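What follows is query-v9.cif (mmCIF, C-alpha atoms).
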```cif
data_model
loop_
_atom_site.group_PDB
_atom_site.id
_atom_site.type_symbol
_atom_site.label_atom_id
_atom_site.label_comp_id
_atom_site.auth_asym_id
_atom_site.auth_seq_id
_atom_site.Cartn_x
_atom_site.Cartn_y
_atom_site.Cartn_z
ATOM 1 C CA MET A 1 -18.654 -0.226 -28.246
ATOM 2 C CA THR A 2 -21.728 -2.408 -28.261
ATOM 3 C CA LYS A 3 -24.419 -2.489 -25.614
ATOM 4 C CA ASN A 4 -22.916 -5.542 -23.841
ATOM 5 C CA GLU A 5 -19.302 -4.357 -23.860
ATOM 6 C CA LEU A 6 -17.765 -2.715 -20.845
ATOM 7 C CA PRO A 7 -15.722 0.426 -21.424
ATOM 8 C CA LYS A 8 -11.956 -0.163 -21.518
ATOM 9 C CA ARG A 9 -10.246 1.028 -18.361
ATOM 10 C CA LYS A 10 -7.428 3.460 -18.832
ATOM 11 C CA SER A 11 -4.188 2.241 -17.247
ATOM 12 C CA THR A 12 -2.562 4.449 -14.636
ATOM 13 C CA ARG A 13 0.846 2.859 -15.347
ATOM 14 C CA LEU A 14 3.496 4.334 -17.633
ATOM 15 C CA LYS A 15 3.481 2.217 -20.802
ATOM 16 C CA GLU A 16 7.216 1.914 -21.323
ATOM 17 C CA TYR A 17 8.278 1.753 -17.671
ATOM 18 C CA ASP A 18 9.525 -1.467 -16.041
ATOM 19 C CA TYR A 19 7.922 -1.550 -12.572
ATOM 20 C CA SER A 20 10.429 -4.163 -11.388
ATOM 21 C CA LEU A 21 13.361 -1.745 -11.714
ATOM 22 C CA ASN A 22 15.249 -0.579 -8.674
ATOM 23 C CA GLY A 23 13.448 2.408 -7.250
ATOM 24 C CA CYS A 24 10.875 3.648 -4.810
ATOM 25 C CA TYR A 25 7.112 3.831 -5.281
ATOM 26 C CA PHE A 26 4.323 5.548 -3.351
ATOM 27 C CA VAL A 27 1.256 3.307 -3.540
ATOM 28 C CA THR A 28 -2.369 3.780 -2.466
ATOM 29 C CA VAL A 29 -4.753 0.814 -2.316
ATOM 30 C CA CYS A 30 -8.453 1.494 -1.623
ATOM 31 C CA VAL A 31 -11.159 -0.720 -0.155
ATOM 32 C CA LYS A 32 -13.929 -1.345 -2.683
ATOM 33 C CA GLY A 33 -16.837 1.019 -2.181
ATOM 34 C CA LYS A 34 -14.840 3.071 0.346
ATOM 35 C CA ARG A 35 -16.134 0.781 3.096
ATOM 36 C CA GLN A 36 -14.386 1.415 6.400
ATOM 37 C CA LEU A 37 -13.350 -2.171 7.021
ATOM 38 C CA LEU A 38 -9.735 -1.702 8.104
ATOM 39 C CA GLY A 39 -10.324 0.477 11.138
ATOM 40 C CA HIS A 40 -11.950 3.565 12.531
ATOM 41 C CA TYR A 41 -10.739 6.872 13.885
ATOM 42 C CA LYS A 42 -10.384 7.205 17.604
ATOM 43 C CA SER A 43 -12.447 9.970 19.165
ATOM 44 C CA LYS A 44 -11.053 13.478 19.280
ATOM 45 C CA THR A 45 -11.067 13.256 23.083
ATOM 46 C CA ASP A 46 -8.996 10.059 22.975
ATOM 47 C CA ILE A 47 -6.534 11.591 20.539
ATOM 48 C CA VAL A 48 -6.000 14.795 22.505
ATOM 49 C CA GLY A 49 -5.986 12.990 25.870
ATOM 50 C CA ALA A 50 -3.375 10.465 24.749
ATOM 51 C CA GLY A 51 -1.221 13.077 23.040
ATOM 52 C CA LEU A 52 -1.598 11.334 19.710
ATOM 53 C CA ARG A 53 -1.072 14.501 17.678
ATOM 54 C CA ALA A 54 2.610 13.589 17.860
ATOM 55 C CA ARG A 55 1.803 9.987 16.830
ATOM 56 C CA PRO A 56 -0.799 10.223 14.044
ATOM 57 C CA ARG A 57 -0.469 6.527 13.125
ATOM 58 C CA GLU A 58 -2.145 5.677 16.430
ATOM 59 C CA ALA A 59 -5.200 7.833 15.643
ATOM 60 C CA VAL A 60 -6.757 4.877 13.792
ATOM 61 C CA TYR A 61 -7.948 1.839 15.704
ATOM 62 C CA LEU A 62 -7.396 -1.174 13.437
ATOM 63 C CA THR A 63 -10.052 -3.847 13.089
ATOM 64 C CA ARG A 64 -9.047 -7.505 12.840
ATOM 65 C CA LEU A 65 -8.919 -7.096 9.073
ATOM 66 C CA GLY A 66 -6.749 -3.988 9.515
ATOM 67 C CA ARG A 67 -4.347 -5.959 11.707
ATOM 68 C CA GLU A 68 -4.244 -8.765 9.131
ATOM 69 C CA THR A 69 -3.515 -6.140 6.467
ATOM 70 C CA GLU A 70 -0.625 -4.879 8.571
ATOM 71 C CA LYS A 71 0.724 -8.432 8.949
ATOM 72 C CA SER A 72 0.505 -8.855 5.189
ATOM 73 C CA ILE A 73 2.366 -5.582 4.564
ATOM 74 C CA LEU A 74 5.142 -6.568 6.961
ATOM 75 C CA PHE A 75 5.354 -10.064 5.450
ATOM 76 C CA VAL A 76 6.200 -8.636 2.016
ATOM 77 C CA GLU A 77 9.844 -8.170 3.042
ATOM 78 C CA LYS A 78 10.032 -11.838 4.058
ATOM 79 C CA ILE A 79 8.746 -13.217 0.751
ATOM 80 C CA TYR A 80 10.592 -10.793 -1.537
ATOM 81 C CA GLU A 81 14.243 -10.369 -0.543
ATOM 82 C CA ASN A 82 14.790 -7.237 -2.670
ATOM 83 C CA ILE A 83 11.713 -5.394 -1.403
ATOM 84 C CA ARG A 84 11.541 -3.019 1.518
ATOM 85 C CA ILE A 85 8.446 -1.361 2.939
ATOM 86 C CA GLU A 86 9.924 2.006 3.846
ATOM 87 C CA ASN A 87 6.752 3.335 5.468
ATOM 88 C CA TYR A 88 3.027 2.617 5.490
ATOM 89 C CA ILE A 89 -0.210 3.612 7.132
ATOM 90 C CA ILE A 90 -3.518 1.802 7.311
ATOM 91 C CA MET A 91 -6.530 4.084 7.223
ATOM 92 C CA PRO A 92 -10.169 2.974 7.688
ATOM 93 C CA ASN A 93 -10.751 2.515 3.948
ATOM 94 C CA HIS A 94 -7.326 2.599 2.273
ATOM 95 C CA ILE A 95 -3.628 2.024 2.765
ATOM 96 C CA HIS A 96 -0.562 4.003 1.720
ATOM 97 C CA LEU A 97 2.761 2.266 1.135
ATOM 98 C CA LEU A 98 6.229 3.524 0.363
ATOM 99 C CA ILE A 99 7.900 0.552 -1.344
ATOM 100 C CA SER A 100 11.561 0.262 -2.373
ATOM 101 C CA ILE A 101 12.812 -2.287 -4.871
ATOM 102 C CA ASN A 102 16.586 -2.738 -4.560
ATOM 103 C CA ASN A 103 18.363 -5.580 -6.295
ATOM 104 C CA TYR A 104 21.801 -5.310 -4.690
ATOM 105 C CA ASN A 105 24.542 -7.641 -5.939
ATOM 106 C CA GLU A 106 26.979 -8.421 -3.106
ATOM 107 C CA ASN A 107 29.515 -10.009 -5.498
ATOM 108 C CA THR A 108 30.002 -6.796 -7.485
ATOM 109 C CA ASP A 109 29.153 -4.435 -4.620
ATOM 110 C CA SER A 110 26.643 -2.666 -6.855
ATOM 111 C CA PHE A 111 22.966 -2.487 -7.675
ATOM 112 C CA ASN A 112 21.729 -4.308 -10.759
ATOM 113 C CA ALA A 113 20.234 -1.714 -13.057
ATOM 114 C CA GLY A 114 17.548 -3.973 -14.464
ATOM 115 C CA GLY A 115 14.611 -5.614 -12.807
ATOM 116 C CA ARG A 116 16.109 -9.113 -13.119
ATOM 117 C CA GLY A 117 14.872 -11.086 -10.145
ATOM 118 C CA ASN A 118 12.655 -8.335 -8.796
ATOM 119 C CA PRO A 119 8.906 -8.845 -8.718
ATOM 120 C CA PRO A 120 7.002 -6.088 -10.506
ATOM 121 C CA LEU A 121 5.108 -3.625 -8.325
ATOM 122 C CA HIS A 122 1.719 -5.099 -9.228
ATOM 123 C CA LYS A 123 2.822 -8.508 -7.920
ATOM 124 C CA ILE A 124 3.940 -7.021 -4.595
ATOM 125 C CA VAL A 125 0.654 -5.157 -4.128
ATOM 126 C CA GLY A 126 -1.268 -8.175 -5.433
ATOM 127 C CA SER A 127 0.196 -10.389 -2.714
ATOM 128 C CA ILE A 128 -1.103 -8.005 -0.026
ATOM 129 C CA LYS A 129 -4.524 -7.771 -1.653
ATOM 130 C CA SER A 130 -4.790 -11.516 -2.218
ATOM 131 C CA TYR A 131 -3.975 -12.519 1.363
ATOM 132 C CA THR A 132 -6.247 -9.929 2.952
ATOM 133 C CA THR A 133 -9.121 -10.774 0.594
ATOM 134 C CA LYS A 134 -8.776 -14.431 1.614
ATOM 135 C CA ILE A 135 -8.935 -13.489 5.318
ATOM 136 C CA TYR A 136 -11.882 -11.160 4.654
ATOM 137 C CA ARG A 137 -13.849 -13.885 2.898
ATOM 138 C CA GLU A 138 -13.049 -16.502 5.559
ATOM 139 C CA THR A 139 -14.089 -14.290 8.461
ATOM 140 C CA THR A 140 -17.198 -12.705 6.933
ATOM 141 C CA ASN A 141 -18.431 -15.352 4.464
ATOM 142 C CA GLU A 142 -18.543 -12.545 1.894
ATOM 143 C CA VAL A 143 -17.871 -13.358 -1.738
ATOM 144 C CA ASP A 144 -17.440 -9.743 -2.809
ATOM 145 C CA LEU A 145 -14.012 -8.265 -3.427
ATOM 146 C CA LEU A 146 -12.315 -6.444 -0.576
ATOM 147 C CA TRP A 147 -10.198 -4.059 -2.663
ATOM 148 C CA GLN A 148 -10.878 -1.804 -5.604
ATOM 149 C CA ARG A 149 -9.469 -3.085 -8.852
ATOM 150 C CA GLY A 150 -5.905 -1.900 -9.392
ATOM 151 C CA PHE A 151 -4.115 0.659 -7.253
ATOM 152 C CA TYR A 152 -2.604 4.110 -7.559
ATOM 153 C CA ASP A 153 1.140 4.543 -7.718
ATOM 154 C CA ARG A 154 3.681 7.283 -8.086
ATOM 155 C CA ILE A 155 7.311 6.714 -9.006
ATOM 156 C CA ILE A 156 9.533 8.476 -6.487
ATOM 157 C CA ARG A 157 12.212 10.217 -8.543
ATOM 158 C CA ASN A 158 14.362 11.989 -5.928
ATOM 159 C CA GLN A 159 14.970 12.539 -2.218
ATOM 160 C CA SER A 160 12.542 15.454 -2.036
ATOM 161 C CA GLU A 161 9.669 13.332 -3.406
ATOM 162 C CA PHE A 162 10.620 10.537 -1.000
ATOM 163 C CA GLU A 163 10.476 12.935 1.958
ATOM 164 C CA LYS A 164 7.098 14.339 0.841
ATOM 165 C CA ALA A 165 5.631 10.833 0.497
ATOM 166 C CA TRP A 166 7.061 9.885 3.908
ATOM 167 C CA GLU A 167 5.532 12.972 5.550
ATOM 168 C CA TYR A 168 2.188 12.352 3.851
ATOM 169 C CA ILE A 169 2.098 8.823 5.263
ATOM 170 C CA GLU A 170 3.207 9.976 8.702
ATOM 171 C CA ASN A 171 0.538 12.704 8.951
ATOM 172 C CA ASN A 172 -2.343 11.002 7.127
ATOM 173 C CA GLY A 173 -3.905 9.658 10.327
ATOM 174 C CA MET A 174 -4.555 13.194 11.593
ATOM 175 C CA LYS A 175 -6.303 14.498 8.480
ATOM 176 C CA GLU A 176 -9.663 14.023 10.163
ATOM 177 C CA TYR A 177 -8.723 16.372 13.022
#
```
Represent the supplied structure as structure tokens.
Amino acid sequence: MTKNELPKRKSTRLKEYDYSLNGCYFVTVCVKGKRQLLGHYKSKTDIVGAGLRARPREAVYLTRLGRETEKSILFVEKIYENIRIENYIIMPNHIHLLISINNYNENTDSFNAGGRGNPPLHKIVGSIKSYTTKIYRETTNEVDLLWQRGFYDRIIRNQSEFEKAWEYIENNGMKEY
């Protein structure tokens, strides 16, 4: 590596895996620089007073950008017919998503095994990042990126892993308390 070359980033993706295959994925996308642009935690008094311990998702007050991020997440199912957002949470500086890709063929009453017609995971996440970055730049006149490069993902391999990811998302809002 020469002085002017940047180090090569190591991919977090499995080399031989097709990320457009039917399956479920737990995804984390972080705001660049860990800036708390998507929301902020409500005060402990507000959380206890409103009984939010039973509703951790409501422990974070979303900013306008956080609300736009939520709209973008919910819109994914409208633009990709085979994609379902099973669960999600928006934290002040990151989001967690539980995404299912299911290419169901009504004619054969079965699921197609391959990823034919499914967008790959990076395209799904990219659509969320692209829209929210556009909104961020329009509303702040910033030219910097909103999101960190890439994202973290985990392939959900069974029901137990699905349930653990679901619980993690459900309880993530209360980690501060």
Applied to the shown file, which residues does the PyMOL selection byres ((chain A and resi 34-44) around 6) return, written as a list in words?
-> Val31, Lys32, Gly33, Thr45, Asp46, Ile47, Ala59, Val60, Tyr61, Leu62, Thr63, Leu65, Gly66, Pro92 and Asn93 of chain A
Selected residues, C-alpha atoms, written as a compact mmCIF listing (two decimals), in the coordinates of the input, please.
```
# COMPACT_ATOMS: atom_id res chain seq x y z
CA VAL A 31 -11.16 -0.72 -0.16
CA LYS A 32 -13.93 -1.34 -2.68
CA GLY A 33 -16.84 1.02 -2.18
CA THR A 45 -11.07 13.26 23.08
CA ASP A 46 -9.00 10.06 22.98
CA ILE A 47 -6.53 11.59 20.54
CA ALA A 59 -5.20 7.83 15.64
CA VAL A 60 -6.76 4.88 13.79
CA TYR A 61 -7.95 1.84 15.70
CA LEU A 62 -7.40 -1.17 13.44
CA THR A 63 -10.05 -3.85 13.09
CA LEU A 65 -8.92 -7.10 9.07
CA GLY A 66 -6.75 -3.99 9.52
CA PRO A 92 -10.17 2.97 7.69
CA ASN A 93 -10.75 2.52 3.95
```
Test item: residues at most 7 Å from Val27 (chain A), all atoms listed in the file, excluding those fewer than 6 positions along its chain, as a ChimeraX atom specification = /A:96-98,152-154
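Taking only C-alpha atoms into account, the residues near (-10.8, -10.9, 6.3), no farther than 10 Å, are A:Leu37, A:Leu38, A:Thr63, A:Arg64, A:Leu65, A:Gly66, A:Arg67, A:Glu68, A:Thr69, A:Tyr131, A:Thr132, A:Thr133, A:Lys134, A:Ile135, A:Tyr136, A:Arg137, A:Glu138, A:Thr139, A:Thr140, A:Asn141, A:Glu142, A:Leu146.
One distance worth recording is that between CA of Asn22 (chain A) and CA of Asn102 (chain A), which is 4.8 Å.
What separates CA of Val125 (chain A) from CA of Asp18 (chain A) is a distance of 15.3 Å.
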Report, as lines of an AutoDock Vina configuration file, the axis-aligned box around all atoms of region 68-80 of chain A present in the file, extended by 8 Å on each side; give centre and edge lengths in Å to one decimal place.
```
center_x = 3.2
center_y = -9.0
center_z = 3.8
size_x = 30.8
size_y = 24.3
size_z = 26.7
```
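The coordinates place CA of Pro120 (chain A) at 5.1 Å from CA of Tyr19 (chain A).
Around Ile156 (chain A), within 10 Å and counting all atoms listed in the file, the residues found are Gly23, Cys24, Tyr25, Phe26, Leu98, Ile99, Ser100, Ser160, Glu161, Phe162, Glu163, Lys164 and Ala165 of chain A, once anything fewer than 4 positions away on its own chain is removed.
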List the residues selected by the PyMOL selection byres ((chain A and resi 79) around 12) in the file shown, writing them as a PyMOL selection string.
-> chain A and resi 72-78+80-84+118-119+123-124+127-128
Might you spell out which residues the PyMOL selection byres ((chain A and resi 151) around 6) would select in the displayed file, as number ranges by chain?
-> A: 28-29, 150, 152
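Across A:Leu121, A:Ile169, A:Asp144, A:Tyr88, the tightest approach to Ser20 (chain A) is made by A:Leu121 when counting only C-alpha atoms.
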